[in-house]
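Have a look at model19.cif; it's mmCIF, C-alpha atoms, pLDDT in the B column; chains and numbers go by the auth columns:
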data_start
loop_
_atom_site.group_PDB
_atom_site.id
_atom_site.type_symbol
_atom_site.label_atom_id
_atom_site.label_comp_id
_atom_site.label_asym_id
_atom_site.label_seq_id
_atom_site.Cartn_x
_atom_site.Cartn_y
_atom_site.Cartn_z
_atom_site.B_iso_or_equiv
_atom_site.auth_seq_id
_atom_site.auth_asym_id
ATOM 1 C CA MET A 1 0.000 0.000 0.000 64.00 1 A
ATOM 2 C CA ALA A 2 2.728 2.332 0.777 66.00 2 A
ATOM 3 C CA THR A 3 3.921 2.045 -2.677 81.00 3 A
ATOM 4 C CA ASP A 4 0.435 2.677 -3.962 81.00 4 A
ATOM 5 C CA VAL A 5 0.196 5.783 -1.846 80.00 5 A
ATOM 6 C CA GLU A 6 3.645 6.878 -2.927 85.00 6 A
ATOM 7 C CA GLN A 7 2.781 6.139 -6.457 86.00 7 A
ATOM 8 C CA GLN A 8 -0.445 8.093 -6.196 86.00 8 A
ATOM 9 C CA ARG A 9 1.432 10.890 -4.409 85.00 9 A
ATOM 10 C CA SER A 10 3.995 10.899 -7.176 87.00 10 A
ATOM 11 C CA MET A 11 1.203 10.983 -9.739 87.00 11 A
ATOM 12 C CA LEU A 12 -0.524 13.785 -7.824 84.00 12 A
ATOM 13 C CA GLU A 13 2.710 15.749 -7.672 86.00 13 A
ATOM 14 C CA ALA A 14 3.188 15.191 -11.376 87.00 14 A
ATOM 15 C CA LYS A 15 -0.393 16.302 -11.945 88.00 15 A
ATOM 16 C CA ASP A 16 0.248 19.319 -9.673 87.00 16 A
ATOM 17 C CA GLY A 17 3.282 20.145 -11.857 87.00 17 A
ATOM 18 C CA GLU A 18 1.153 19.809 -14.987 90.00 18 A
ATOM 19 C CA ILE A 19 -1.574 21.934 -13.409 92.00 19 A
ATOM 20 C CA ALA A 20 1.014 24.540 -12.363 91.00 20 A
ATOM 21 C CA SER A 21 2.447 24.474 -15.875 92.00 21 A
ATOM 22 C CA ILE A 22 -1.009 24.731 -17.432 93.00 22 A
ATOM 23 C CA THR A 23 -1.943 27.515 -14.968 94.00 23 A
ATOM 24 C CA THR A 24 1.208 29.399 -15.968 95.00 24 A
ATOM 25 C CA LYS A 25 0.349 28.902 -19.634 95.00 25 A
ATOM 26 C CA ILE A 26 -3.241 30.042 -18.987 94.00 26 A
ATOM 27 C CA GLU A 27 -1.973 33.140 -17.141 94.00 27 A
ATOM 28 C CA GLN A 28 0.432 33.848 -19.995 95.00 28 A
ATOM 29 C CA GLN A 29 -2.373 33.410 -22.522 95.00 29 A
ATOM 30 C CA GLN A 30 -4.683 35.630 -20.416 95.00 30 A
ATOM 31 C CA SER A 31 -1.909 38.226 -20.293 95.00 31 A
ATOM 32 C CA MET A 32 -1.444 37.921 -24.058 96.00 32 A
ATOM 33 C CA LEU A 33 -5.227 38.090 -24.500 95.00 33 A
ATOM 34 C CA GLN A 34 -5.411 41.246 -22.374 96.00 34 A
ATOM 35 C CA SER A 35 -2.487 42.701 -24.363 95.00 35 A
ATOM 36 C CA LYS A 36 -4.278 41.840 -27.613 96.00 36 A
ATOM 37 C CA GLU A 37 -7.532 43.369 -26.308 96.00 37 A
ATOM 38 C CA GLU A 38 -5.636 46.561 -25.410 96.00 38 A
ATOM 39 C CA GLU A 39 -4.058 46.543 -28.884 96.00 39 A
ATOM 40 C CA ILE A 40 -7.498 46.023 -30.441 96.00 40 A
ATOM 41 C CA GLN A 41 -8.871 48.938 -28.368 97.00 41 A
ATOM 42 C CA THR A 42 -5.928 51.123 -29.479 97.00 42 A
ATOM 43 C CA LEU A 43 -6.571 50.158 -33.092 97.00 43 A
ATOM 44 C CA ARG A 44 -10.281 50.946 -32.646 97.00 44 A
ATOM 45 C CA ASN A 45 -9.395 54.337 -31.170 97.00 45 A
ATOM 46 C CA ASN A 46 -6.971 54.998 -34.033 97.00 46 A
ATOM 47 C CA LEU A 47 -9.599 53.913 -36.551 97.00 47 A
ATOM 48 C CA GLN A 48 -12.181 56.194 -34.923 97.00 48 A
ATOM 49 C CA HIS A 49 -9.660 59.059 -34.969 97.00 49 A
ATOM 50 C CA GLN A 50 -8.924 58.385 -38.656 97.00 50 A
ATOM 51 C CA ARG A 51 -12.655 58.332 -39.420 97.00 51 A
ATOM 52 C CA GLU A 52 -13.044 61.726 -37.729 97.00 52 A
ATOM 53 C CA GLU A 53 -10.058 63.086 -39.658 97.00 53 A
ATOM 54 C CA ASN A 54 -11.508 61.682 -42.901 98.00 54 A
ATOM 55 C CA LYS A 55 -14.859 63.278 -42.109 97.00 55 A
ATOM 56 C CA GLN A 56 -13.153 66.620 -41.447 97.00 56 A
ATOM 57 C CA ALA A 57 -11.118 66.256 -44.650 97.00 57 A
ATOM 58 C CA LYS A 58 -14.304 65.495 -46.626 97.00 58 A
ATOM 59 C CA ASN A 59 -15.952 68.578 -45.115 97.00 59 A
ATOM 60 C CA LYS A 60 -12.923 70.684 -46.068 97.00 60 A
ATOM 61 C CA ILE A 61 -13.012 69.241 -49.590 97.00 61 A
ATOM 62 C CA THR A 62 -16.705 70.113 -49.844 97.00 62 A
ATOM 63 C CA VAL A 63 -15.964 73.668 -48.683 97.00 63 A
ATOM 64 C CA TYR A 64 -13.039 73.931 -51.118 97.00 64 A
ATOM 65 C CA GLU A 65 -15.178 72.610 -53.979 97.00 65 A
ATOM 66 C CA SER A 66 -17.819 75.202 -53.139 97.00 66 A
ATOM 67 C CA GLN A 67 -15.174 77.939 -53.066 97.00 67 A
ATOM 68 C CA VAL A 68 -13.743 76.747 -56.383 98.00 68 A
ATOM 69 C CA THR A 69 -17.235 76.841 -57.895 97.00 69 A
ATOM 70 C CA GLN A 70 -17.783 80.359 -56.546 98.00 70 A
ATOM 71 C CA LEU A 71 -14.394 81.503 -57.829 98.00 71 A
ATOM 72 C CA THR A 72 -15.051 79.913 -61.213 98.00 72 A
ATOM 73 C CA ASP A 73 -18.377 81.756 -61.417 97.00 73 A
ATOM 74 C CA GLU A 74 -16.683 84.988 -60.361 98.00 74 A
ATOM 75 C CA VAL A 75 -13.941 84.523 -62.975 98.00 75 A
ATOM 76 C CA SER A 76 -16.616 83.872 -65.598 97.00 76 A
ATOM 77 C CA LYS A 77 -18.418 87.078 -64.600 98.00 77 A
ATOM 78 C CA ILE A 78 -15.152 89.013 -64.713 97.00 78 A
ATOM 79 C CA GLU A 79 -14.338 87.584 -68.154 97.00 79 A
ATOM 80 C CA ASN A 80 -17.799 88.600 -69.378 97.00 80 A
ATOM 81 C CA THR A 81 -17.284 92.074 -67.923 97.00 81 A
ATOM 82 C CA ILE A 82 -13.877 92.332 -69.595 97.00 82 A
ATOM 83 C CA THR A 83 -15.392 91.273 -72.924 97.00 83 A
ATOM 84 C CA SER A 84 -18.165 93.839 -72.521 96.00 84 A
ATOM 85 C CA VAL A 85 -15.694 96.573 -71.578 96.00 85 A
ATOM 86 C CA GLU A 86 -13.493 95.658 -74.539 96.00 86 A
ATOM 87 C CA GLN A 87 -16.483 95.848 -76.892 96.00 87 A
ATOM 88 C CA THR A 88 -17.561 99.178 -75.425 96.00 88 A
ATOM 89 C CA SER A 89 -13.994 100.423 -75.613 95.00 89 A
ATOM 90 C CA SER A 90 -13.788 99.349 -79.246 95.00 90 A
ATOM 91 C CA LEU A 91 -17.004 101.233 -80.030 95.00 91 A
ATOM 92 C CA HIS A 92 -15.720 104.313 -78.210 96.00 92 A
ATOM 93 C CA GLU A 93 -12.408 104.069 -80.034 96.00 93 A
ATOM 94 C CA LYS A 94 -14.159 103.844 -83.425 96.00 94 A
ATOM 95 C CA SER A 95 -16.387 106.757 -82.474 95.00 95 A
ATOM 96 C CA ALA A 96 -13.370 108.765 -81.313 95.00 96 A
ATOM 97 C CA GLN A 97 -11.546 107.997 -84.571 96.00 97 A
ATOM 98 C CA LYS A 98 -14.612 109.083 -86.538 96.00 98 A
ATOM 99 C CA ASN A 99 -14.869 112.290 -84.477 96.00 99 A
ATOM 100 C CA GLU A 100 -11.142 112.901 -84.935 96.00 100 A
ATOM 101 C CA SER A 101 -11.483 112.488 -88.709 96.00 101 A
ATOM 102 C CA GLU A 102 -14.477 114.848 -88.706 96.00 102 A
ATOM 103 C CA LEU A 103 -12.565 117.411 -86.634 96.00 103 A
ATOM 104 C CA ILE A 104 -9.561 117.189 -88.952 97.00 104 A
ATOM 105 C CA ARG A 105 -11.866 117.666 -91.954 96.00 105 A
ATOM 106 C CA GLN A 106 -13.519 120.678 -90.277 97.00 106 A
ATOM 107 C CA ILE A 107 -10.127 122.162 -89.405 96.00 107 A
ATOM 108 C CA GLU A 108 -9.040 121.772 -93.030 96.00 108 A
ATOM 109 C CA GLU A 109 -12.291 123.415 -94.181 96.00 109 A
ATOM 110 C CA TRP A 110 -11.777 126.271 -91.723 96.00 110 A
ATOM 111 C CA LYS A 111 -8.215 126.716 -92.911 96.00 111 A
ATOM 112 C CA GLU A 112 -9.495 126.921 -96.484 96.00 112 A
ATOM 113 C CA GLU A 113 -12.213 129.365 -95.434 95.00 113 A
ATOM 114 C CA LYS A 114 -9.660 131.442 -93.512 95.00 114 A
ATOM 115 C CA LYS A 115 -7.381 131.471 -96.545 95.00 115 A
ATOM 116 C CA MET A 116 -10.279 132.589 -98.750 95.00 116 A
ATOM 117 C CA TYR A 117 -11.276 135.199 -96.154 94.00 117 A
ATOM 118 C CA GLU A 118 -7.706 136.514 -95.992 94.00 118 A
ATOM 119 C CA GLU A 119 -7.570 136.663 -99.791 93.00 119 A
ATOM 120 C CA GLU A 120 -10.935 138.454 -99.942 92.00 120 A
ATOM 121 C CA ARG A 121 -9.877 140.831 -97.179 91.00 121 A
ATOM 122 C CA ASN A 122 -6.648 141.606 -98.998 91.00 122 A
ATOM 123 C CA SER A 123 -8.625 142.117 -102.211 90.00 123 A
ATOM 124 C CA LEU A 124 -11.016 144.415 -100.379 87.00 124 A
ATOM 125 C CA ARG A 125 -8.091 146.366 -98.940 88.00 125 A
ATOM 126 C CA LYS A 126 -6.643 146.780 -102.414 88.00 126 A
ATOM 127 C CA LEU A 127 -10.042 147.784 -103.766 85.00 127 A
ATOM 128 C CA THR A 128 -10.559 150.151 -100.875 86.00 128 A
ATOM 129 C CA SER A 129 -7.110 151.596 -101.425 85.00 129 A
ATOM 130 C CA LEU A 130 -7.840 151.979 -105.136 81.00 130 A
ATOM 131 C CA GLY A 131 -11.240 153.434 -104.329 80.00 131 A
ATOM 132 C CA ILE A 132 -9.713 155.906 -101.919 81.00 132 A
ATOM 133 C CA LYS A 133 -7.113 156.858 -104.511 80.00 133 A
ATOM 134 C CA ARG A 134 -9.873 157.255 -107.057 79.00 134 A
ATOM 135 C CA VAL A 135 -11.928 159.342 -104.642 79.00 135 A
ATOM 136 C CA GLY A 136 -8.758 161.297 -103.838 78.00 136 A
ATOM 137 C CA ARG A 137 -8.227 161.978 -107.532 80.00 137 A
ATOM 138 C CA GLY A 138 -11.870 162.877 -107.931 79.00 138 A
ATOM 139 C CA VAL A 139 -11.681 165.243 -104.970 76.00 139 A
ATOM 140 C CA ARG A 140 -8.484 166.804 -106.290 78.00 140 A
ATOM 141 C CA SER A 141 -10.009 167.078 -109.678 81.00 141 A
ATOM 142 C CA LEU A 142 -13.082 168.693 -108.161 74.00 142 A
ATOM 143 C CA VAL A 143 -10.987 171.021 -106.040 77.00 143 A
ATOM 144 C CA SER A 144 -8.854 172.007 -108.985 82.00 144 A
ATOM 145 C CA ARG A 145 -12.009 172.731 -111.026 76.00 145 A
ATOM 146 C CA VAL A 146 -13.430 174.746 -108.273 78.00 146 A
ATOM 147 C CA ARG A 147 -10.256 176.744 -107.963 77.00 147 A
ATOM 148 C CA ARG A 148 -10.152 177.388 -111.630 78.00 148 A
ATOM 149 C CA LYS A 149 -13.495 178.790 -111.668 67.00 149 A
#

Represent the structure of the file as structure tokens.
Amino acid sequence: MATDVEQQRSMLEAKDGEIASITTKIEQQQSMLQSKEEEIQTLRNNLQHQREENKQAKNKITVYESQVTQLTDEVSKIENTITSVEQTSSLHEKSAQKNESELIRQIEEWKEEKKMYEEERNSLRKLTSLGIKRVGRGVRSLVSRVRRK
């Protein structure tokens, strides 16, 4: 019996060693499991943070797209305004050129009229001078007749 008891004791001690070994393995696995759960939680937190950043980035992109659309519309309006101003400017330039040509023509006409006026005035001066000479001769002739009589 003593050998049976010793044998059973030896078996129990061996089983205790196995249990201790298994317990150590279970504790190690529980520790690894807890470590993995913490890693999973960290990954979840990182994923949630990335989702929030992505959401913010999408919102910024939406705002930027809206601003680009507004700027594109504004540029289009400015281009239309520039085209309109260029057309108006072209019309004003043509009108100014026409007015300039008309003014140059009028100036040339006035120069011609002034030339004719100067010529007529000079002719009238000559005629007046001749007329005065003629009147002078007539007066002298009259005076000399009167004296003779």

Go ahead and compute the interatomic distance for CA of Glu112 in chain A and CA of Leu127 in chain A, in Å to one decimal.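 Spanning CA of Glu112 in chain A to CA of Leu127 in chain A is a straight-line distance of 22.1 Å.
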
Just to confirm, what's the straight-line distance from CA of Glu113 in chain A to CA of Arg125 in chain A in Å (one decimal)?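 Interatomic distance here is 17.8 Å.
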
What does the distance from CA of Glu13 in chain A to CA of Leu33 in chain A come to in Å, to one decimal?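 The value is 29.1 Å.
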
Mind filling out range 103-114 of chain A with all heavy atoms and sending it as a CSV table (one decimal), in the frame of the given file?
chain,number,residue,atom,x,y,z
A,103,LEU,N,-13.2,116.2,-87.1
A,103,LEU,CA,-12.6,117.4,-86.6
A,103,LEU,C,-11.4,117.8,-87.6
A,103,LEU,O,-11.3,119.0,-87.9
A,103,LEU,CB,-12.0,117.2,-85.2
A,103,LEU,CG,-13.1,117.2,-84.1
A,103,LEU,CD1,-12.4,116.9,-82.8
A,103,LEU,CD2,-13.8,118.6,-84.0
A,104,ILE,N,-10.6,116.9,-88.0
A,104,ILE,CA,-9.6,117.2,-89.0
A,104,ILE,C,-10.1,117.8,-90.3
A,104,ILE,O,-9.6,118.8,-90.8
A,104,ILE,CB,-8.7,115.9,-89.2
A,104,ILE,CG1,-7.9,115.6,-88.0
A,104,ILE,CG2,-7.8,116.1,-90.4
A,104,ILE,CD1,-7.2,114.3,-88.0
A,105,ARG,N,-11.2,117.2,-90.7
A,105,ARG,CA,-11.9,117.7,-92.0
A,105,ARG,C,-12.4,119.1,-91.7
A,105,ARG,O,-12.2,120.0,-92.6
A,105,ARG,CB,-13.0,116.7,-92.3
A,105,ARG,CG,-13.6,117.1,-93.7
A,105,ARG,CD,-14.9,116.3,-94.0
A,105,ARG,NE,-16.0,116.5,-93.0
A,105,ARG,CZ,-16.7,117.6,-92.9
A,105,ARG,NH1,-16.6,118.6,-93.7
A,105,ARG,NH2,-17.7,117.7,-92.0
A,106,GLN,N,-13.0,119.3,-90.6
A,106,GLN,CA,-13.5,120.7,-90.3
A,106,GLN,C,-12.4,121.7,-90.2
A,106,GLN,O,-12.5,122.8,-90.7
A,106,GLN,CB,-14.3,120.7,-89.0
A,106,GLN,CG,-15.7,120.1,-89.1
A,106,GLN,CD,-16.5,120.1,-87.8
A,106,GLN,OE1,-15.9,120.4,-86.8
A,106,GLN,NE2,-17.7,119.7,-87.9
A,107,ILE,N,-11.3,121.3,-89.5
A,107,ILE,CA,-10.1,122.2,-89.4
A,107,ILE,C,-9.6,122.5,-90.8
A,107,ILE,O,-9.3,123.7,-91.1
A,107,ILE,CB,-9.0,121.5,-88.5
A,107,ILE,CG1,-9.5,121.5,-87.1
A,107,ILE,CG2,-7.7,122.3,-88.7
A,107,ILE,CD1,-8.6,120.7,-86.1
A,108,GLU,N,-9.5,121.5,-91.7
A,108,GLU,CA,-9.0,121.8,-93.0
A,108,GLU,C,-10.0,122.7,-93.7
A,108,GLU,O,-9.6,123.6,-94.5
A,108,GLU,CB,-8.9,120.5,-93.8
A,108,GLU,CG,-7.8,119.6,-93.3
A,108,GLU,CD,-6.4,120.3,-93.4
A,108,GLU,OE1,-6.1,121.0,-94.4
A,108,GLU,OE2,-5.6,120.1,-92.5
A,109,GLU,N,-11.3,122.5,-93.6
A,109,GLU,CA,-12.3,123.4,-94.2
A,109,GLU,C,-12.1,124.8,-93.6
A,109,GLU,O,-12.2,125.8,-94.4
A,109,GLU,CB,-13.7,122.9,-93.9
A,109,GLU,CG,-14.1,121.7,-94.7
A,109,GLU,CD,-15.6,121.3,-94.4
A,109,GLU,OE1,-16.3,122.0,-93.7
A,109,GLU,OE2,-15.9,120.2,-94.9
A,110,TRP,N,-11.9,124.9,-92.3
A,110,TRP,CA,-11.8,126.3,-91.7
A,110,TRP,C,-10.5,126.9,-92.2
A,110,TRP,O,-10.5,128.2,-92.4
A,110,TRP,CB,-11.8,126.2,-90.2
A,110,TRP,CG,-13.1,125.8,-89.6
A,110,TRP,CD1,-14.3,126.0,-90.2
A,110,TRP,CD2,-13.4,125.3,-88.3
A,110,TRP,NE1,-15.3,125.5,-89.4
A,110,TRP,CE2,-14.8,125.1,-88.2
A,110,TRP,CE3,-12.6,124.9,-87.3
A,110,TRP,CZ2,-15.4,124.6,-87.1
A,110,TRP,CZ3,-13.2,124.4,-86.1
A,110,TRP,CH2,-14.6,124.3,-86.0
A,111,LYS,N,-9.5,126.1,-92.4
A,111,LYS,CA,-8.2,126.7,-92.9
A,111,LYS,C,-8.4,127.3,-94.3
A,111,LYS,O,-8.0,128.3,-94.7
A,111,LYS,CB,-7.1,125.7,-92.9
A,111,LYS,CG,-6.5,125.4,-91.6
A,111,LYS,CD,-5.4,124.4,-91.6
A,111,LYS,CE,-4.8,124.0,-90.3
A,111,LYS,NZ,-3.8,123.0,-90.4
A,112,GLU,N,-9.2,126.5,-95.1
A,112,GLU,CA,-9.5,126.9,-96.5
A,112,GLU,C,-10.3,128.2,-96.4
A,112,GLU,O,-10.1,129.1,-97.2
A,112,GLU,CB,-10.2,125.8,-97.3
A,112,GLU,CG,-9.3,124.7,-97.7
A,112,GLU,CD,-8.3,125.2,-98.8
A,112,GLU,OE1,-8.7,126.0,-99.6
A,112,GLU,OE2,-7.2,124.7,-98.7
A,113,GLU,N,-11.4,128.2,-95.6
A,113,GLU,CA,-12.2,129.4,-95.4
A,113,GLU,C,-11.4,130.6,-95.0
A,113,GLU,O,-11.6,131.7,-95.4
A,113,GLU,CB,-13.4,129.1,-94.5
A,113,GLU,CG,-14.4,128.1,-95.0
A,113,GLU,CD,-15.5,127.8,-94.0
A,113,GLU,OE1,-15.6,128.4,-93.0
A,113,GLU,OE2,-16.3,126.9,-94.3
A,114,LYS,N,-10.5,130.3,-94.0
A,114,LYS,CA,-9.7,131.4,-93.5
A,114,LYS,C,-8.8,132.0,-94.6
A,114,LYS,O,-8.6,133.2,-94.8
A,114,LYS,CB,-8.8,130.9,-92.4
A,114,LYS,CG,-7.9,132.0,-91.8
A,114,LYS,CD,-7.1,131.5,-90.6
A,114,LYS,CE,-6.2,132.5,-90.1
A,114,LYS,NZ,-5.2,132.0,-89.1
